[in-house]
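Chemist: What follows is a single structure, and I will ask about it in a moment.
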Amino acid sequence: MDEPPPDVPALCTRGLTRHFGGLAAVREVSLECRMREVHAVIGPNGAGKTTLINMLSGDLAPSGGAVLLNGQDITGLDAHRISRLGVARSYQKTNVFLPFTVFENCRLAAQSRLKSSMRFFRPALANRAVNDAAGRALAAAGLEGRAGTPVAALSHGEQRQVEIAMTLATAPSVLLLDEPLAGMGAEESQRIVELLQRLAAQHAILLVEHDMDAVFAVADVLTVMVNGSILESGTPEQIRSSRAVQEAYLGTEEVLHE
Amino acid sequence: MDFHTFLIQLLNGVQYGLLLFLVSSGLTLVFGIMGIINVAHGSFYMIGAYLAWSLTGQLGNFWIALPAGIALAVIIGLALELTLIRKLYERNHLYQVLLTYGLILVFEELRSILWGDDVRGINIPPLLDTSIALTETMTYPVYRLWISAVCVAVAGLMYWVIQHTRLGMMIRAGSANREMVQSLGINIQLLYRVVFAAGITLAALAGMIAAPVSTVFPGMGNQILIICFVVVVIGGMGSVKGALVASLLIGLVDTFGKVLHLEIGGLKLLPELSSMTVYLLMAAILLWRPEGIFGAKP
Amino acid sequence: MTVSARAHAVVLALALLALLALPVFAEKFYVQFAAKIIIMAILAMSLDLLLGYTGLVSFGHAAFYGVAGYTLAMATPQYQAANFWTSFPLAIGVSALAALAIGFFVVRTQGIYFIMVTLAFAQMLFFLFYDTKIAGGNDGIYIDARPVAKLGEWQPFNLDNFAHVYFLALFFLVAVYLLLRMLLRSPFGRVIAGIRVNEQRMRSLGFPTFRYKLACFVIAGAIAGIAGYLSAVQFGVVNPEMLGWHLSAAVMMMVILGGMGTLTGPVIGAAVWMLLELGFQSLPAAAGIDLGKHWHLFMGGFIVLATLWLPQGLIGLVTGAFKGKAAALKDEA
């Protein structure tokens with residue numbers, strides 16, 4: 001994916017809305033995510049964060065509003081189209097190929113970047129470029145020693161790492177990460193935070209997270225969502241000191257220092 | 001087509017559609033509530049018809065044979081659920097299809113052993129063996145109207161039970177969340193047994209009341225099963241409302257398809273290819289809404 | 001190669017040798033029966049591609065088998081023989097086309113709908129041949145003269161010779177096996193494996209899964225066509241039952257019985273199934289009932305029991321036994 005001109009955000013939404021029956025899960029959300037920037041979306045459970053990401057990744061069609069990628073309208077496109085445009089997404093609930101090995105999970109993800117997989121004759125494993133891309137993604141996520149293990153045999157934290165590795169293996173420009181640290185221990189979380197800081201140098205990252213330490217360590221921009229709408233958006237300092245945000249979500253000092 | 005023919009075909013189409021609804025509602029209910037696809041469902045339509053023939057012959061009276069047949073169907077349904085069907089909960093659809101397909105073969109051969117392979121017929125019960133005048137020159141068989149009436153009555157009864165009784169409430173709750181219902185102390189096992197027995201009894205009942213006006217032949221179960229599948233695909237699996245709409249649609253399309261004349265560019269389409277009309281209808285729905293008109297989006 | 005892979009290869013090689021030698025030792029009846037099993041095995045392997053490897057439960061797969069047989073019958077001029085080298089590709093092509101046409105509609109559906117619509121469309125084709133005069137109605141068509149495999153002066157085999165038919169079937173069994181093995185290791189094969197495990201994730205990764213499923217459906221249909229053509233050659237007659245759901249269900253059972261998601265499973269399943277069929281059909285009369293005539297009863301009973309007790313199929317039973325033995329040996333060590 002080519003880099004957008006400096007003024008155009010990599011990913012932005014305008015008035016994005018999603019109804020389920022009579023309920024508005026996401027209401028008029030407009031935000032921007034720029035290249036080399038980490039934009040964190042935080043908020044209480046049920047705020048609509050995952051629904052938002054689903055609409056950005058194409059897993060869910062919006063009821064209203066628009067999603068633009070480098071200024072290009074991608075609203076309502078299928079998930080596979082959006083993925084091919086360079087947007088990769090990781091899931092809150094681990095969504096990997098459990099019977100396959102860690103390597104095969106990443107390799108399959110990397111294979112998606114081939115022009116076409118309608119190739120019937122040579123073995124898939126013979127493609128060196130794909131194998132290398134998979135290996136790099138594996139290493140970046142810290143899974144070198146586990147390449148040959150079936151994912152079903154991994155610990156929950158390691159499976160979350162596979163989730164992230166698969167996302168990286170598709171060589172995206174924009175990363176949509178839905179609670180990547182969920183269920184991880186302190187050490188693993190630290191490793192992923194460092195990974196995110198490295199990735200931020202070359203990607204646009206939209207991050208949904210509950211782990212406030214991680215959020216404040218990596219985020220350049222914070223958006224707080226409550227009940228489907230944006231409560232406030234700004235720099236980490238602005239959000240931390242905002243009265244409204246403290247009342248609605250961050251609450252007292254205790255939450256900030258969890 | 002003149003008005004008389006149109007009216008008769010309309011009544012025929014509605015009657016066929018309603019009968020189809022009676023059968024397919026059982027299929028869709030069992031799937032919607034228990035999550036089980038029973039491909040032997042059509043066999044019960046056949047069993048009902050043969051039961052009607054056999055019991056009428058032995059008991060001498062269609063009106064005694066009918067409740068007797070219904071009772072037998074209920075018993076068979078309960079027994080089947082108790083022994084085999086309960087092993088299909090939580091199994092994937094492939095195994096449900098294969099096991100119930102095995103049952104089709106068993107039922108077919110049992111029928112063959114008990115009642116032979118000949119085509120049978122029942123006389124319309126004398127009480128209803130008259131025609132009613134619709135216009136000055138046209139009459140319509142009362143028995144056919146009675147079939148439609150029975151179907152409507154059963155549909156109404158189903159609606160009332162499901163929407164306005166405790167049993168119906170348990171059924172609706174059980175289809176939404178099995179574990180929760182169990183933890184509430186409701187015997188989900190018994191509930192499922194009742195639902196399954198009701199489902200196949202609907203098919204058997206349809207077979208019994210249809211017997212006097214249609215041929216009773218060995219392949220009738222399989223034939224109606226396929227159409228039931230088309231109904232459920234068009235209407236949406238698990239939706240009784242969808243089954244009703246789709247059944248009437250198919251009933252009318254199939255009936256009119258057989259009497260209309262359609263020729264395009266020298267190619268004779270109707271009535272020569274009338275048996276294809278329902279499949280073409282299904283194909284069209286698949287392009288537009290693969291989960292069915294009232295089906296749940298995946 | 002691991003020990004088990006080597007053992008597997010040895011077993012396969014031995015089996016192939018035995019099959020090659022069969023016509024030398026066995027009588028015509030057994031050779032023809034073996035050919036029948038091999039043809040069913042090809043059909044079962046093609047269904048396994050859908051069932052075991054892609055997760056598509058097609059309940060109307062026999063349609064593509066029947067269509068190929070009918071294509072040969074209809075391409076055979078009256079009282080003359082068709083040419084193998086033209087009629088064979090034609091029959092496969094028609095099967096593939098039918099699979100493309102039907103697949104275009106059915107691959108849109110998921111789960112239970114897919115099962116039902118594949119059956120419905122197959123039945124539509126069945127009734128097309130059964131009810132109409134297009135192809136002999138419910139009596140079917142007789143193929144008076146078997147196709148001739150002549151290319152100019154060269155005639156490599158004679159399909160009037162039952163041993164040649166057997167070897168041709170065996171050739172295709174091996175060819176299809178190798179083709180499927182290659183396919184499953186290719187990038188395409190990995191995509192369909194991924195689709196079976198988690199289709200939604202595949203789409204999320206950027207794969208347009210619809211066209212891969214459709215391609216798989218067409219390939220499986222074409223291979224089914226190979227079996228259908230061979231069947232028509234062997235029996236010299238085609239009838240609507242070749243498209244019927246009884247056959248579709250039987251093929252599904254062969255795949256499940258043998259062990260789906262393996263390549264040798266369907267072959268074993270086909271052999272077991274055909275032997276069971278023969279066995280049940282040969283039952284004598286008892287209690288005044290001709291049991292052989294009602295063999296479907298036993299087949300049905302067998303299906304019910306096999307579904308309940310052998311969910312992993314016979315291969316699952318064997319590998320389970322091996323795993324158990326390996327574990328037991330570990331305990332003793």
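Please note that chains go A, B, ... in the order of the structure tokens, that every chain numbers its residues from 1, and that ligands are numbered from 1 in the order shown.
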Please return, as a PDB file with N, CA and C atoms, in the first residue's frame, all residues of chain A lying within 7 Å of chain C when only C-alpha atoms are considered.
Modeler:
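Below is the file part-v5.pdb, written as the result:
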ATOM      1  N   ALA A  79     -14.571  -8.290   4.237  1.00  0.00           N
ATOM      2  CA  ALA A  79     -13.356  -8.387   5.038  1.00  0.00           C
ATOM      3  C   ALA A  79     -12.145  -8.752   4.188  1.00  0.00           C
ATOM      4  N   HIS A  80     -12.338  -9.645   3.217  1.00  0.00           N
ATOM      5  CA  HIS A  80     -11.156 -10.074   2.471  1.00  0.00           C
ATOM      6  C   HIS A  80     -10.629  -8.959   1.577  1.00  0.00           C
ATOM      7  N   ARG A  81     -11.536  -8.105   1.085  1.00  0.00           N
ATOM      8  CA  ARG A  81     -11.092  -6.971   0.269  1.00  0.00           C
ATOM      9  C   ARG A  81     -10.272  -6.002   1.105  1.00  0.00           C
ATOM     10  N   SER A  83      -8.706  -6.569   3.811  1.00  0.00           N
ATOM     11  CA  SER A  83      -7.431  -7.164   4.184  1.00  0.00           C
ATOM     12  C   SER A  83      -6.414  -7.007   3.055  1.00  0.00           C
ATOM     13  N   ARG A  84      -6.873  -7.219   1.820  1.00  0.00           N
ATOM     14  CA  ARG A  84      -5.958  -7.100   0.677  1.00  0.00           C
ATOM     15  C   ARG A  84      -5.466  -5.668   0.493  1.00  0.00           C
ATOM     16  N   ASN A  95      -8.723 -16.244  17.547  1.00  0.00           N
ATOM     17  CA  ASN A  95      -9.379 -16.710  16.340  1.00  0.00           C
ATOM     18  C   ASN A  95      -8.335 -17.278  15.386  1.00  0.00           C
ATOM     19  N   PHE A  97      -6.096 -21.011  13.863  1.00  0.00           N
ATOM     20  CA  PHE A  97      -6.354 -22.355  13.345  1.00  0.00           C
ATOM     21  C   PHE A  97      -5.763 -23.346  14.343  1.00  0.00           C
ATOM     22  N   ALA A 109      -1.248 -17.194   6.795  1.00  0.00           N
ATOM     23  CA  ALA A 109      -1.505 -15.758   6.804  1.00  0.00           C
ATOM     24  C   ALA A 109      -0.614 -15.062   5.777  1.00  0.00           C
ATOM     25  N   SER A 112      -1.588 -15.393   2.130  1.00  0.00           N
ATOM     26  CA  SER A 112      -2.696 -14.569   1.655  1.00  0.00           C
ATOM     27  C   SER A 112      -2.202 -13.401   0.811  1.00  0.00           C
ATOM     28  N   SER A 117      -3.899 -17.767  -4.755  1.00  0.00           N
ATOM     29  CA  SER A 117      -3.550 -19.084  -4.236  1.00  0.00           C
ATOM     30  C   SER A 117      -4.141 -20.203  -5.076  1.00  0.00           C
ATOM     31  N   MET A 118      -4.650 -19.848  -6.263  1.00  0.00           N
ATOM     32  CA  MET A 118      -5.175 -20.885  -7.157  1.00  0.00           C
ATOM     33  C   MET A 118      -3.997 -21.565  -7.845  1.00  0.00           C
ATOM     34  N   ARG A 119      -3.130 -22.133  -7.039  1.00  0.00           N
ATOM     35  CA  ARG A 119      -1.955 -22.838  -7.561  1.00  0.00           C
ATOM     36  C   ARG A 119      -2.078 -24.268  -7.102  1.00  0.00           C
ATOM     37  N   PHE A 120      -2.040 -25.214  -8.060  1.00  0.00           N
ATOM     38  CA  PHE A 120      -2.387 -26.590  -7.723  1.00  0.00           C
ATOM     39  C   PHE A 120      -1.227 -27.554  -7.744  1.00  0.00           C
ATOM     40  N   PHE A 121      -0.102 -27.169  -8.308  1.00  0.00           N
ATOM     41  CA  PHE A 121       0.907 -28.174  -8.613  1.00  0.00           C
ATOM     42  C   PHE A 121       2.082 -28.228  -7.649  1.00  0.00           C
ATOM     43  N   ARG A 122       2.743 -27.108  -7.430  1.00  0.00           N
ATOM     44  CA  ARG A 122       3.903 -27.187  -6.548  1.00  0.00           C
ATOM     45  C   ARG A 122       3.452 -27.122  -5.094  1.00  0.00           C
ATOM     46  N   PRO A 123       4.223 -27.747  -4.185  1.00  0.00           N
ATOM     47  CA  PRO A 123       3.822 -27.725  -2.770  1.00  0.00           C
ATOM     48  C   PRO A 123       3.834 -26.299  -2.227  1.00  0.00           C
ATOM     49  N   ALA A 124       2.922 -26.024  -1.325  1.00  0.00           N
ATOM     50  CA  ALA A 124       2.844 -24.694  -0.715  1.00  0.00           C
ATOM     51  C   ALA A 124       4.121 -24.367   0.041  1.00  0.00           C
TER      52      ALA A 124
END
Chemist: Which residues come within 8 Å of A:Val162, counting only C-alpha atoms, excluding same-chain residues fewer than 4 positions away, as a ChimeraX atom specification?
Modeler: /A:96,102,105-106,138,141,143,151,158,166
Chemist: In terms of the shortest atom-to-atom distance over only C-alpha atoms, which of A:Val215, A:Ile205, A:Leu60, A:Ala47 is closest to chain B?
Modeler: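 Closest to chain B of all the choices is A:Leu60.
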Chemist: Once DSSP has gone over the backbone, tell me which residues of stretch 69-245 of chain A are in helix (DSSP H, G or I), as a short mmCIF file (atom, residue, chain, number, x, y, z; two decimals) with N, CA and C atoms, in the first residue's frame.
Modeler:
data_model
loop_
_atom_site.label_atom_id
_atom_site.label_comp_id
_atom_site.auth_asym_id
_atom_site.auth_seq_id
_atom_site.Cartn_x
_atom_site.Cartn_y
_atom_site.Cartn_z
N ALA A 79 -14.57 -8.29 4.24
CA ALA A 79 -13.36 -8.39 5.04
C ALA A 79 -12.15 -8.75 4.19
N HIS A 80 -12.34 -9.64 3.22
CA HIS A 80 -11.16 -10.07 2.47
C HIS A 80 -10.63 -8.96 1.58
N ARG A 81 -11.54 -8.10 1.08
CA ARG A 81 -11.09 -6.97 0.27
C ARG A 81 -10.27 -6.00 1.10
N ILE A 82 -10.80 -5.69 2.27
CA ILE A 82 -10.13 -4.73 3.14
C ILE A 82 -8.77 -5.27 3.56
N SER A 83 -8.71 -6.57 3.81
CA SER A 83 -7.43 -7.16 4.18
C SER A 83 -6.41 -7.01 3.05
N ARG A 84 -6.87 -7.22 1.82
CA ARG A 84 -5.96 -7.10 0.68
C ARG A 84 -5.47 -5.67 0.49
N VAL A 102 1.98 -23.61 14.85
CA VAL A 102 2.19 -22.17 14.93
C VAL A 102 2.71 -21.66 13.60
N PHE A 103 3.68 -22.38 13.05
CA PHE A 103 4.28 -21.96 11.78
C PHE A 103 3.24 -21.94 10.66
N GLU A 104 2.40 -23.00 10.61
CA GLU A 104 1.43 -23.08 9.53
C GLU A 104 0.41 -21.94 9.62
N ASN A 105 0.05 -21.57 10.85
CA ASN A 105 -0.85 -20.43 11.03
C ASN A 105 -0.27 -19.18 10.39
N CYS A 106 0.99 -18.93 10.68
CA CYS A 106 1.64 -17.72 10.14
C CYS A 106 1.87 -17.86 8.64
N ARG A 107 2.20 -19.08 8.22
CA ARG A 107 2.49 -19.30 6.80
C ARG A 107 1.25 -19.07 5.97
N LEU A 108 0.11 -19.56 6.47
CA LEU A 108 -1.15 -19.37 5.76
C LEU A 108 -1.49 -17.89 5.68
N ALA A 109 -1.25 -17.19 6.80
CA ALA A 109 -1.51 -15.76 6.80
C ALA A 109 -0.61 -15.06 5.78
N ALA A 110 0.66 -15.46 5.73
CA ALA A 110 1.58 -14.85 4.77
C ALA A 110 1.19 -15.22 3.34
N GLN A 111 0.69 -16.44 3.14
CA GLN A 111 0.29 -16.89 1.80
C GLN A 111 -0.81 -16.01 1.24
N ALA A 124 2.92 -26.02 -1.32
CA ALA A 124 2.84 -24.69 -0.72
C ALA A 124 4.12 -24.37 0.04
N LEU A 125 4.71 -25.39 0.66
CA LEU A 125 5.90 -25.16 1.48
C LEU A 125 7.14 -24.84 0.66
N ALA A 126 7.01 -24.96 -0.67
CA ALA A 126 8.18 -24.68 -1.51
C ALA A 126 8.38 -23.19 -1.73
N ARG A 128 9.61 -20.03 -0.84
CA ARG A 128 10.56 -19.52 0.15
C ARG A 128 10.13 -18.18 0.72
N ALA A 129 9.66 -17.30 -0.17
CA ALA A 129 9.30 -15.94 0.27
C ALA A 129 8.21 -15.99 1.34
N VAL A 130 7.21 -16.83 1.10
CA VAL A 130 6.11 -16.95 2.07
C VAL A 130 6.63 -17.51 3.39
N ASN A 131 7.48 -18.54 3.29
CA ASN A 131 8.04 -19.14 4.51
C ASN A 131 8.83 -18.12 5.32
N ASP A 132 9.62 -17.31 4.60
CA ASP A 132 10.42 -16.31 5.29
C ASP A 132 9.55 -15.27 5.98
N ALA A 133 8.51 -14.82 5.27
CA ALA A 133 7.60 -13.84 5.86
C ALA A 133 6.97 -14.41 7.13
N ALA A 134 6.60 -15.68 7.08
CA ALA A 134 6.00 -16.32 8.25
C ALA A 134 7.00 -16.36 9.40
N GLY A 135 8.25 -16.72 9.07
CA GLY A 135 9.29 -16.80 10.08
C GLY A 135 9.53 -15.46 10.75
N ARG A 136 9.52 -14.42 9.95
CA ARG A 136 9.75 -13.08 10.51
C ARG A 136 8.62 -12.69 11.46
N ALA A 137 7.40 -12.96 11.05
CA ALA A 137 6.24 -12.61 11.89
C ALA A 137 6.29 -13.40 13.20
N LEU A 138 6.63 -14.68 13.08
CA LEU A 138 6.78 -15.55 14.24
C LEU A 138 7.78 -14.96 15.23
N ALA A 139 8.94 -14.57 14.68
CA ALA A 139 10.01 -14.06 15.53
C ALA A 139 9.59 -12.75 16.19
N ALA A 140 8.97 -11.88 15.41
CA ALA A 140 8.55 -10.59 15.95
C ALA A 140 7.60 -10.77 17.13
N GLU A 144 9.64 -17.99 18.42
CA GLU A 144 10.61 -18.78 17.68
C GLU A 144 10.63 -20.24 18.09
N GLY A 145 10.61 -20.50 19.38
CA GLY A 145 10.79 -21.89 19.82
C GLY A 145 9.56 -22.76 19.61
N ARG A 146 8.45 -22.17 19.23
CA ARG A 146 7.20 -22.93 19.22
C ARG A 146 6.66 -23.22 17.83
N VAL A 151 -1.19 -25.24 17.65
CA VAL A 151 -1.64 -24.10 18.45
C VAL A 151 -2.54 -24.54 19.60
N ALA A 152 -3.28 -25.63 19.39
CA ALA A 152 -4.17 -26.10 20.44
C ALA A 152 -3.41 -26.47 21.70
N ALA A 153 -2.13 -26.80 21.54
CA ALA A 153 -1.33 -27.22 22.71
C ALA A 153 -0.69 -26.05 23.44
N HIS A 156 -2.75 -20.00 26.84
CA HIS A 156 -3.60 -18.93 26.35
C HIS A 156 -2.78 -17.74 25.89
N GLY A 157 -1.79 -17.36 26.69
CA GLY A 157 -0.95 -16.21 26.35
C GLY A 157 -0.21 -16.44 25.03
N GLU A 158 0.31 -17.65 24.85
CA GLU A 158 1.02 -17.96 23.60
C GLU A 158 0.06 -17.92 22.42
N GLN A 159 -1.18 -18.38 22.62
CA GLN A 159 -2.15 -18.32 21.53
C GLN A 159 -2.43 -16.87 21.15
N ARG A 160 -2.44 -15.98 22.14
CA ARG A 160 -2.63 -14.55 21.82
C ARG A 160 -1.46 -14.06 20.98
N GLN A 161 -0.26 -14.59 21.27
CA GLN A 161 0.91 -14.20 20.48
C GLN A 161 0.75 -14.67 19.03
N VAL A 162 0.18 -15.87 18.85
CA VAL A 162 -0.05 -16.38 17.49
C VAL A 162 -1.02 -15.45 16.78
N GLU A 163 -2.03 -15.03 17.52
CA GLU A 163 -3.02 -14.11 16.98
C GLU A 163 -2.32 -12.88 16.40
N ILE A 164 -1.39 -12.34 17.15
CA ILE A 164 -0.66 -11.15 16.71
C ILE A 164 0.28 -11.48 15.55
N ALA A 165 0.97 -12.62 15.64
CA ALA A 165 1.89 -13.02 14.58
C ALA A 165 1.18 -13.14 13.24
N MET A 166 -0.03 -13.71 13.25
CA MET A 166 -0.79 -13.87 12.01
C MET A 166 -1.10 -12.50 11.42
N THR A 167 -1.44 -11.56 12.30
CA THR A 167 -1.75 -10.22 11.84
C THR A 167 -0.54 -9.61 11.15
N LEU A 168 0.63 -9.82 11.74
CA LEU A 168 1.86 -9.24 11.18
C LEU A 168 2.24 -9.91 9.87
N ALA A 169 1.95 -11.21 9.77
CA ALA A 169 2.38 -11.97 8.59
C ALA A 169 1.72 -11.49 7.32
N ALA A 186 2.40 -10.60 33.01
CA ALA A 186 3.14 -9.33 33.01
C ALA A 186 4.30 -9.35 32.02
N GLU A 187 5.04 -10.46 31.99
CA GLU A 187 6.22 -10.54 31.13
C GLU A 187 5.83 -10.53 29.66
N GLU A 188 4.82 -11.34 29.33
CA GLU A 188 4.37 -11.39 27.94
C GLU A 188 3.83 -10.03 27.52
N SER A 189 3.07 -9.41 28.41
CA SER A 189 2.51 -8.10 28.10
C SER A 189 3.62 -7.10 27.79
N GLN A 190 4.66 -7.14 28.58
CA GLN A 190 5.77 -6.21 28.37
C GLN A 190 6.38 -6.42 26.99
N ARG A 191 6.52 -7.70 26.61
CA ARG A 191 7.11 -8.01 25.32
C ARG A 191 6.24 -7.46 24.19
N ILE A 192 4.92 -7.61 24.34
CA ILE A 192 4.02 -7.12 23.29
C ILE A 192 4.03 -5.59 23.25
N VAL A 193 4.12 -4.97 24.41
CA VAL A 193 4.17 -3.50 24.43
C VAL A 193 5.41 -3.02 23.66
N GLU A 194 6.54 -3.69 23.89
CA GLU A 194 7.76 -3.30 23.16
C GLU A 194 7.58 -3.53 21.67
N LEU A 195 6.90 -4.64 21.32
CA LEU A 195 6.63 -4.92 19.91
C LEU A 195 5.79 -3.80 19.31
N LEU A 196 4.77 -3.38 20.03
CA LEU A 196 3.90 -2.32 19.53
C LEU A 196 4.69 -1.03 19.31
N GLN A 197 5.59 -0.75 20.25
CA GLN A 197 6.39 0.48 20.10
C GLN A 197 7.25 0.41 18.84
N ARG A 198 7.78 -0.80 18.55
CA ARG A 198 8.59 -0.95 17.32
C ARG A 198 7.70 -0.82 16.09
N LEU A 199 6.53 -1.47 16.14
CA LEU A 199 5.64 -1.44 14.99
C LEU A 199 5.15 -0.03 14.69
N MET A 212 -4.37 -0.32 31.14
CA MET A 212 -4.07 1.12 31.10
C MET A 212 -2.58 1.42 31.07
N ASP A 213 -1.78 0.62 31.76
CA ASP A 213 -0.32 0.84 31.72
C ASP A 213 0.17 0.76 30.28
N ALA A 214 -0.26 -0.32 29.59
CA ALA A 214 0.16 -0.49 28.20
C ALA A 214 -0.32 0.66 27.35
N VAL A 215 -1.59 1.04 27.54
CA VAL A 215 -2.17 2.11 26.73
C VAL A 215 -1.37 3.39 26.88
N PHE A 216 -1.09 3.76 28.12
CA PHE A 216 -0.37 5.02 28.31
C PHE A 216 1.09 4.92 27.89
N ALA A 217 1.60 3.68 27.79
CA ALA A 217 3.00 3.51 27.36
C ALA A 217 3.15 3.71 25.85
N VAL A 218 2.13 3.33 25.08
CA VAL A 218 2.32 3.35 23.63
C VAL A 218 1.49 4.40 22.89
N PRO A 236 -2.71 11.61 25.65
CA PRO A 236 -2.83 10.88 26.92
C PRO A 236 -2.95 11.82 28.12
N GLU A 237 -2.21 12.93 28.11
CA GLU A 237 -2.26 13.86 29.24
C GLU A 237 -3.64 14.50 29.34
N GLN A 238 -4.17 14.90 28.18
CA GLN A 238 -5.48 15.54 28.17
C GLN A 238 -6.53 14.58 28.75
N ILE A 239 -6.46 13.32 28.30
CA ILE A 239 -7.45 12.33 28.74
C ILE A 239 -7.29 12.05 30.22
N ARG A 240 -6.05 11.94 30.65
CA ARG A 240 -5.80 11.59 32.05
C ARG A 240 -6.35 12.65 32.99
N SER A 241 -6.20 13.91 32.53
CA SER A 241 -6.64 14.99 33.42
C SER A 241 -8.08 15.41 33.17
N ARG A 243 -11.88 15.68 33.46
CA ARG A 243 -12.88 15.45 34.49
C ARG A 243 -13.91 14.44 34.03
N ALA A 244 -14.44 14.71 32.81
CA ALA A 244 -15.51 13.88 32.26
C ALA A 244 -15.09 12.42 32.14
N VAL A 245 -13.84 12.25 31.66
CA VAL A 245 -13.36 10.88 31.48
C VAL A 245 -13.20 10.19 32.82
#
Chemist: Can you work out which one of B:Leu29, B:Ala79, B:Leu22, B:Leu202 has the shortest atom-to-atom distance to B:Phe44, counting only C-alpha atoms?
Modeler: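 The shortest atom-to-atom distance to B:Phe44 comes from B:Leu202.
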Chemist: With only C-alpha atoms considered, list every residue of chain B at most 10 Å from chain C, as an NGL selection string.
Modeler: :B and (31 or 36-37 or 39 or 84 or 87-88 or 92-110 or 112-113 or 222-223 or 225-230 or 232-234 or 236-237 or 272-273 or 275-280 or 282-287 or 289-292 or 298)
Chemist: Among the residues of stretch 102-184 of chain C, find those DSSP assigns to strand (DSSP E) from the backbone and print them as a VMD selection string.
Modeler: chain C and resid 141 to 142 145 to 148
Chemist: Next, the residues of the selection above should be written as a PDB file, in the first residue's frame with N, CA and C atoms.
Modeler:
ATOM      1  N   ILE C 141     -30.712 -45.591 -20.375  1.00  0.00           N
ATOM      2  CA  ILE C 141     -30.253 -45.816 -21.753  1.00  0.00           C
ATOM      3  C   ILE C 141     -29.251 -46.954 -21.765  1.00  0.00           C
ATOM      4  N   TYR C 142     -29.369 -47.785 -22.779  1.00  0.00           N
ATOM      5  CA  TYR C 142     -28.378 -48.845 -22.958  1.00  0.00           C
ATOM      6  C   TYR C 142     -27.261 -48.359 -23.869  1.00  0.00           C
ATOM      7  N   ALA C 145     -22.688 -50.307 -27.667  1.00  0.00           N
ATOM      8  CA  ALA C 145     -21.282 -50.619 -27.954  1.00  0.00           C
ATOM      9  C   ALA C 145     -20.395 -49.778 -27.065  1.00  0.00           C
ATOM     10  N   ARG C 146     -19.483 -50.454 -26.417  1.00  0.00           N
ATOM     11  CA  ARG C 146     -18.603 -49.726 -25.517  1.00  0.00           C
ATOM     12  C   ARG C 146     -17.668 -48.832 -26.324  1.00  0.00           C
ATOM     13  N   PRO C 147     -17.209 -47.723 -25.730  1.00  0.00           N
ATOM     14  CA  PRO C 147     -16.337 -46.811 -26.479  1.00  0.00           C
ATOM     15  C   PRO C 147     -15.047 -47.502 -26.915  1.00  0.00           C
ATOM     16  N   VAL C 148     -14.594 -47.037 -28.059  1.00  0.00           N
ATOM     17  CA  VAL C 148     -13.378 -47.600 -28.634  1.00  0.00           C
ATOM     18  C   VAL C 148     -12.243 -46.629 -28.377  1.00  0.00           C
TER      19      VAL C 148
END
Chemist: Can you tell me, as number ranges by chain, what residues are no more than 12 Å from B:Val154 when counting only C-alpha atoms, ignoring any on the same chain fewer than 2 positions away?
Modeler: B: 18-19, 21-23, 25-26, 147-152, 156-161, 198, 201-203, 205-206
Chemist: Could you take the residues named above and write them with C-alpha atoms, as a PDB file, in the first residue's frame?
Modeler:
ATOM      1  CA  LEU B  18     -51.135 -25.829   3.383  1.00  0.00           C
ATOM      2  CA  LEU B  19     -50.473 -29.549   3.389  1.00  0.00           C
ATOM      3  CA  PHE B  21     -46.818 -26.424   5.524  1.00  0.00           C
ATOM      4  CA  LEU B  22     -48.166 -29.094   7.846  1.00  0.00           C
ATOM      5  CA  VAL B  23     -45.294 -31.404   6.963  1.00  0.00           C
ATOM      6  CA  SER B  25     -43.499 -27.090  10.016  1.00  0.00           C
ATOM      7  CA  GLY B  26     -42.622 -30.297  11.859  1.00  0.00           C
ATOM      8  CA  ILE B 147     -57.879 -30.697   4.282  1.00  0.00           C
ATOM      9  CA  SER B 148     -57.125 -26.993   4.067  1.00  0.00           C
ATOM     10  CA  ALA B 149     -59.301 -26.372   7.107  1.00  0.00           C
ATOM     11  CA  VAL B 150     -57.458 -28.991   9.148  1.00  0.00           C
ATOM     12  CA  CYS B 151     -54.116 -27.473   8.202  1.00  0.00           C
ATOM     13  CA  VAL B 152     -55.260 -24.009   9.166  1.00  0.00           C
ATOM     14  CA  GLY B 156     -53.641 -21.968  14.673  1.00  0.00           C
ATOM     15  CA  LEU B 157     -53.241 -24.511  17.437  1.00  0.00           C
ATOM     16  CA  MET B 158     -49.453 -24.419  17.060  1.00  0.00           C
ATOM     17  CA  TYR B 159     -49.455 -20.647  17.212  1.00  0.00           C
ATOM     18  CA  TRP B 160     -51.631 -20.654  20.322  1.00  0.00           C
ATOM     19  CA  VAL B 161     -49.522 -23.277  22.097  1.00  0.00           C
ATOM     20  CA  ALA B 198     -45.127 -33.504  17.818  1.00  0.00           C
ATOM     21  CA  THR B 201     -46.899 -36.496  14.176  1.00  0.00           C
ATOM     22  CA  LEU B 202     -47.505 -33.395  12.071  1.00  0.00           C
ATOM     23  CA  ALA B 203     -45.966 -35.193   9.117  1.00  0.00           C
ATOM     24  CA  LEU B 205     -51.169 -36.413  10.168  1.00  0.00           C
ATOM     25  CA  ALA B 206     -50.533 -34.753   6.823  1.00  0.00           C
TER      26      ALA B 206
END
